[in-house]
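Engineer: Next comes the structure file upload-v9.txt, holding compact mmCIF, C-alpha atoms.
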```txt
# COMPACT_ATOMS: atom_id res chain seq x y z
CA MET A 1 18.30 -69.03 -103.91
CA ASN A 2 15.63 -67.88 -101.41
CA TYR A 3 15.61 -68.76 -97.71
CA ALA A 4 12.34 -68.64 -95.78
CA ILE A 5 12.36 -68.54 -92.01
CA ASP A 6 9.39 -69.98 -90.25
CA LEU A 7 8.98 -68.20 -86.89
CA THR A 8 6.41 -70.69 -85.70
CA LEU A 9 8.91 -73.44 -85.60
CA LYS A 10 10.09 -74.54 -82.15
CA PRO A 11 13.44 -76.07 -81.39
CA THR A 12 13.21 -79.79 -81.00
CA THR A 13 16.50 -80.04 -79.12
CA PHE A 14 17.65 -78.15 -76.00
CA ASP A 15 21.42 -78.21 -75.99
CA LEU A 16 24.08 -76.27 -74.02
CA TRP A 17 23.92 -73.29 -76.33
CA HIS A 18 20.31 -72.72 -75.64
CA VAL A 19 20.88 -73.05 -71.89
CA CYS A 20 23.56 -70.35 -71.97
CA LEU A 21 21.37 -68.10 -74.05
CA ALA A 22 18.42 -68.51 -71.67
CA GLY A 23 20.65 -67.86 -68.64
CA THR A 24 22.02 -64.73 -70.27
CA VAL A 25 18.53 -63.43 -70.93
CA VAL A 26 17.49 -64.08 -67.33
CA ALA A 27 20.65 -62.40 -65.97
CA LEU A 28 20.14 -59.35 -68.14
CA ALA A 29 16.52 -59.14 -67.01
CA LEU A 30 17.59 -59.29 -63.35
CA ILE A 31 20.25 -56.61 -63.90
CA LEU A 32 17.70 -54.39 -65.61
CA VAL A 33 15.26 -54.82 -62.73
CA ILE A 34 18.01 -54.03 -60.18
CA VAL A 35 19.05 -50.90 -62.11
CA LEU A 36 15.47 -49.72 -62.33
CA LEU A 37 14.85 -50.30 -58.62
CA THR A 38 18.12 -48.52 -57.68
CA THR A 39 17.21 -45.55 -59.87
CA LEU A 40 13.74 -45.40 -58.36
CA PHE A 41 15.06 -45.46 -54.76
CA ALA A 42 17.62 -42.77 -55.59
CA MET A 43 14.91 -40.54 -57.05
CA LEU A 44 12.72 -41.05 -53.97
CA ARG A 45 15.61 -40.17 -51.59
CA CYS A 46 16.50 -37.09 -53.63
CA LYS A 47 12.88 -35.91 -53.59
CA LYS A 48 12.61 -36.51 -49.83
CA SER A 49 15.83 -34.59 -49.08
CA ARG A 50 14.65 -31.70 -51.26
CA GLY A 51 11.34 -31.61 -49.37
CA GLN A 52 13.16 -31.46 -46.00
CA GLN A 53 15.45 -28.66 -47.22
CA THR A 54 12.45 -26.74 -48.52
CA SER A 55 10.59 -27.12 -45.20
CA GLN A 56 13.68 -26.03 -43.25
CA THR A 57 14.12 -23.03 -45.53
CA ASN A 58 10.47 -22.10 -45.12
CA THR A 59 10.77 -22.45 -41.33
CA VAL A 60 13.91 -20.32 -41.18
CA ALA A 61 12.35 -17.71 -43.43
CA ALA A 62 9.11 -17.77 -41.47
CA GLU A 63 10.79 -17.19 -38.09
CA PRO A 64 11.93 -13.57 -38.84
CA ILE A 65 8.52 -12.83 -40.33
CA VAL A 66 6.82 -14.11 -37.17
CA LYS A 67 9.13 -11.97 -35.02
CA VAL A 68 8.43 -8.89 -37.12
CA VAL A 69 4.69 -9.53 -36.91
CA GLU A 70 4.93 -9.97 -33.12
CA LYS A 71 6.83 -6.67 -32.80
CA ILE A 72 4.25 -4.90 -34.95
CA ILE A 73 1.48 -6.31 -32.75
CA GLU A 74 3.33 -5.16 -29.60
CA VAL A 75 3.78 -1.67 -31.03
CA GLU A 76 0.11 -1.53 -31.97
CA LYS A 77 -0.85 -2.62 -28.45
CA ILE A 78 1.37 0.09 -26.94
CA VAL A 79 -0.15 2.69 -29.24
CA GLU A 80 -3.64 1.51 -28.32
CA VAL A 81 -2.79 1.71 -24.60
CA GLU A 82 -1.40 5.21 -25.07
CA LYS A 83 -4.59 6.18 -26.86
CA LEU A 84 -6.79 4.68 -24.15
CA VAL A 85 -4.83 6.02 -21.15
CA PRO A 86 -5.02 9.83 -21.10
CA ALA A 87 -1.93 11.79 -20.24
CA PRO A 88 -1.80 12.90 -16.61
CA ILE A 89 -3.11 16.41 -16.21
CA PRO A 90 -0.74 18.59 -14.18
CA GLU A 91 -2.21 19.69 -10.92
CA PRO A 92 -3.26 23.32 -11.02
CA VAL A 93 -1.39 25.73 -8.79
CA ILE A 94 -3.81 26.74 -6.08
CA LEU A 95 -3.05 30.11 -4.57
CA LYS A 96 -4.19 30.53 -1.00
CA GLU A 97 -6.23 33.65 -0.64
CA ALA A 98 -5.28 35.22 2.65
CA THR A 99 -7.97 37.15 4.44
CA PRO A 100 -6.83 40.45 5.89
CA ASP A 101 -8.64 39.95 9.22
CA ALA A 102 -5.71 38.27 10.99
CA ALA A 103 -3.22 40.90 9.76
CA LEU A 104 -5.53 43.72 10.77
CA GLN A 105 -6.02 42.11 14.18
CA LEU A 106 -2.25 41.92 14.71
CA LEU A 107 -1.87 45.54 13.62
CA GLY A 108 -4.53 46.51 16.16
CA LEU A 109 -2.68 44.60 18.92
CA LEU A 110 0.59 46.37 18.11
CA GLN A 111 -1.20 49.71 18.24
CA LYS A 112 -2.86 48.80 21.51
CA ASP A 113 0.28 47.59 23.35
CA ALA A 114 3.02 49.63 21.64
CA ARG A 115 1.35 52.62 19.96
CA PHE A 116 3.02 51.22 16.82
CA ILE A 117 0.92 53.06 14.22
CA ASP A 118 1.27 56.34 16.11
CA PHE A 119 5.04 55.92 16.05
CA ILE A 120 5.41 55.17 12.32
CA GLN A 121 2.87 57.83 11.33
CA GLU A 122 4.74 60.48 13.31
CA ASP A 123 7.25 62.71 11.51
CA ILE A 124 10.33 62.17 13.67
CA GLY A 125 12.58 64.42 11.59
CA SER A 126 12.14 67.33 13.99
CA TYR A 127 12.97 65.26 17.07
CA SER A 128 16.42 64.68 18.50
CA ASP A 129 18.02 61.25 18.53
CA ALA A 130 17.54 61.08 22.28
CA ASP A 131 13.81 61.74 21.99
CA VAL A 132 13.49 59.15 19.16
CA GLY A 133 15.44 56.65 21.25
CA VAL A 134 13.08 57.04 24.20
CA ALA A 135 10.03 56.58 21.97
CA ALA A 136 11.62 53.64 20.22
CA ARG A 137 12.25 51.95 23.56
CA VAL A 138 8.56 52.24 24.45
CA VAL A 139 7.49 50.91 21.03
CA HIS A 140 9.99 48.05 21.30
CA GLU A 141 8.73 46.92 24.69
CA GLY A 142 5.09 47.09 23.62
CA CYS A 143 5.72 45.19 20.34
CA LYS A 144 7.69 42.52 22.17
CA LYS A 145 4.87 42.07 24.68
CA ALA A 146 2.19 41.79 21.95
CA VAL A 147 4.18 39.36 19.79
CA HIS A 148 5.17 37.06 22.67
CA GLU A 149 1.62 37.05 24.01
CA HIS A 150 0.03 35.92 20.75
CA PHE A 151 2.83 34.04 18.93
CA THR A 152 5.47 31.42 19.73
CA ILE A 153 8.62 32.18 17.74
CA ALA A 154 11.64 29.86 17.43
CA PRO A 155 14.85 30.03 15.40
CA ILE A 156 15.07 27.96 12.20
CA ARG A 157 18.75 27.01 12.65
CA SER A 158 20.13 25.82 15.97
CA GLU A 159 23.73 26.89 15.20
CA PHE A 160 25.17 30.20 16.34
CA GLU A 161 25.49 33.04 13.86
CA GLY A 162 29.00 32.97 12.40
CA ASP A 163 29.30 29.15 12.51
CA LYS A 164 30.08 27.07 9.42
CA VAL A 165 27.06 25.07 8.21
CA THR A 166 26.59 22.53 5.42
CA LEU A 167 23.34 22.36 3.47
CA PRO A 168 22.73 18.85 2.05
CA VAL A 169 21.15 17.97 -1.27
CA GLY A 170 17.41 18.66 -1.16
CA PHE A 171 17.54 21.24 1.62
CA ASP A 172 14.42 23.37 2.18
CA ALA A 173 14.98 26.45 0.05
CA ALA A 174 11.97 28.14 1.69
CA SER A 175 13.58 28.07 5.13
CA VAL A 176 17.19 28.76 4.08
CA ARG A 177 18.11 31.54 1.65
CA LEU A 178 21.50 31.42 -0.09
CA THR A 179 23.45 34.65 -0.52
CA GLY A 180 26.86 35.53 -1.87
CA ASN A 181 28.67 33.57 -4.60
CA ILE A 182 26.27 30.75 -5.47
CA VAL A 183 28.08 28.32 -7.81
CA GLY A 184 27.36 24.66 -8.52
CA SER A 185 24.84 22.49 -6.74
CA ALA A 186 24.27 21.20 -3.20
CA PRO A 187 25.76 20.33 -0.80
CA PHE A 188 26.76 23.90 0.07
CA THR A 189 29.06 24.97 2.88
CA GLY A 190 28.93 28.54 4.18
CA THR A 191 28.70 30.85 7.16
CA LEU A 192 25.43 31.27 9.04
CA VAL A 193 24.67 34.99 8.85
CA HIS A 194 21.15 34.87 10.32
CA LYS A 195 19.56 31.88 12.04
CA GLY A 196 16.05 32.77 10.83
CA TRP A 197 12.73 32.75 12.66
CA GLN A 198 9.62 30.62 12.39
CA VAL A 199 6.23 30.80 14.10
CA THR A 200 5.34 27.53 15.81
CA ASP A 201 2.07 28.62 17.43
CA VAL A 202 -0.53 31.38 16.96
CA ARG A 203 -2.90 32.50 19.71
CA LEU A 204 -5.04 35.24 18.17
CA ALA A 205 -8.47 35.78 19.66
CA LYS A 206 -11.55 34.86 17.63
CA LEU A 207 -13.50 37.79 16.25
CA THR A 208 -17.24 38.20 16.20
CA GLN A 209 -19.04 38.58 12.90
CA THR A 210 -19.94 42.17 13.71
CA HIS A 211 -16.36 43.16 14.49
CA ASN A 212 -14.84 45.56 11.96
CA ALA A 213 -11.20 44.47 11.64
CA ASN A 214 -10.35 47.52 9.55
CA ILE A 215 -10.60 49.69 12.68
CA VAL A 216 -7.16 49.08 14.16
CA ALA A 217 -7.39 52.02 16.56
CA ALA A 218 -10.65 53.73 17.42
CA ALA A 219 -10.77 57.50 17.58
CA GLU A 220 -10.85 58.88 21.15
CA VAL A 221 -13.15 61.65 22.28
CA GLU A 222 -12.73 63.05 25.77
CA LEU A 223 -15.82 64.49 27.39
```
Please rewrite the model in this file as structure tokens.

Structural biologist:
Amino acid sequence: MNYAIDLTLKPTTFDLWHVCLAGTVVALALILVIVLLTTLFAMLRCKKSRGQQTSQTNTVAAEPIVKVVEKIIEVEKIVEVEKLVPAPIPEPVILKEATPDAALQLLGLLQKDARFIDFIQEDIGSYSDADVGVAARVVHEGCKKAVHEHFTIAPIRSEFEGDKVTLPVGFDAASVRLTGNIVGSAPFTGTLVHKGWQVTDVRLAKLTQTHNANIVAAAEVEL
């Protein structure tokens, strides 16, 4: 026996069974739509969170790179500044060239007032101590007169010789000379052996251009 189903036929009655079947189809369609929408929203949220994590990772990774680049730029700027700014050239040591005129003039004054050159050029070995003492007294008085007339001399230290003195850090090594057992660094405490001398004023006469300073004592001819 053969059964043929005609799909074009439509139900002529709409009973409770068909209502339940239609409701089930509608409910399943709604559930399917809800599941699809939920899946779609979940995928969108997951994609958004991944994008934020990626941007944060890129930002965190970019920060050290930016710092390294900034340091490289700073180093390059320093190198460029060092190249542009030349190193300071040490000042050359200038040696003062002393003219002999003043020294020759002083030697001439000592000869004039104290017969100084005559005294030191004389062979005093054949003279007695008494004779040398008399001549030395004359030379001493003449030298003292010449020096005090043309120079003002003052002691460097105001203490008395034999007193204890303390030299602070940075003391003038040109005006104070250390002797004895020199150990360590300043301040130094020691005994003043010599108070030193310094010239505070010079009163030498001006010389003419024709004056020959090398002649400290002219030869004498008696007629």

Engineer: Between A:Leu104, A:Leu30, A:Val35, A:Leu21, which residue has the minimum interatomic distance to Leu207 of chain A, considering only C-alpha atoms?

Structural biologist: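 That would be A:Leu104, the residue with the smallest distance to Leu207 of chain A.
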
Engineer: Check the smallest atom-to-atom distance from each of A:Leu192, A:Cys20, A:Ala217, A:Ala29 to Glu161 of chain A using all atoms listed in the file, then report the winner.

Structural biologist: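 Ranked by minimum distance to Glu161 of chain A, first place goes to A:Leu192.
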
Engineer: What separation in Å, quoted to one decimal, exists between atom CA of Lys145 of chain A and atom CA of Glu97 of chain A?

Structural biologist: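 Computing it gives 28.9 Å between the two atoms.
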
Engineer: May I have the residues at most 8 Å from (22.4, 18.3, 1.9) in the file's coordinates, counting only C-alpha atoms, as number ranges by chain?

Structural biologist: A: 166-171, 186-188

Engineer: Which residues, written as JSON, numbers by chain, have at least one atom at most 12 Å from Ala174 of chain A, with all atoms listed in the file counted and residues fewer than 6 positions away on the same chain left out?

Structural biologist: {"A": [156, 196, 197, 198]}

Engineer: Residues as selected, C-alpha atoms, written as a tab-separated table (two decimals), in the coordinates of the input, can you do that?

Structural biologist:
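So result03.tsv came out as:
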```tsv
chain	number	residue	atom	x	y	z
A	156	ILE	CA	15.07	27.96	12.20
A	196	GLY	CA	16.05	32.77	10.83
A	197	TRP	CA	12.73	32.75	12.66
A	198	GLN	CA	9.62	30.62	12.39
```

Engineer: With all atoms listed in the file as the basis for distance, which of A:Ala135, A:Leu110, A:Leu178, A:Ala205 is at the shortest distance from Glu122 of chain A?

Structural biologist: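 The shortest atom-to-atom distance to Glu122 of chain A comes from A:Ala135.
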
Engineer: Considering only C-alpha atoms, state which residue in the set A:Gln111, A:Ser185, A:Gln121, A:Ser175 is at the smallest distance from Val138 of chain A.

Structural biologist: A:Gln111

Engineer: Using all atoms listed in the file, which of the listed residues (A:Lys112, A:Arg157, A:Lys164, A:Arg177) sits closest to Cys143 of chain A?

Structural biologist: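 Of A:Lys112, A:Arg157, A:Lys164, A:Arg177, the one nearest Cys143 of chain A, counting all atoms listed in the file, is A:Lys112.
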
Engineer: In Å, with one decimal, what is the gap from atom CA of Ser128 of chain A to atom CA of Gly142 of chain A?

Structural biologist: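 Going from atom CA of Ser128 of chain A over to atom CA of Gly142 of chain A covers 21.5 Å.
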
Engineer: Between atom CA of Val221 of chain A and atom CA of Leu107 of chain A, what is the distance, to one decimal in Å?

Structural biologist: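 Pair atom CA of Val221 of chain A / atom CA of Leu107 of chain A returns 21.5 Å.
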
Engineer: Using only C-alpha atoms, pick whichever of A:Glu159, A:Asp113, A:Asp118, A:Asp172 has the shortest atom-to-atom distance to Lys144 of chain A.

Structural biologist: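 Among the listed residues, the smallest separation from Lys144 of chain A belongs to A:Asp113.
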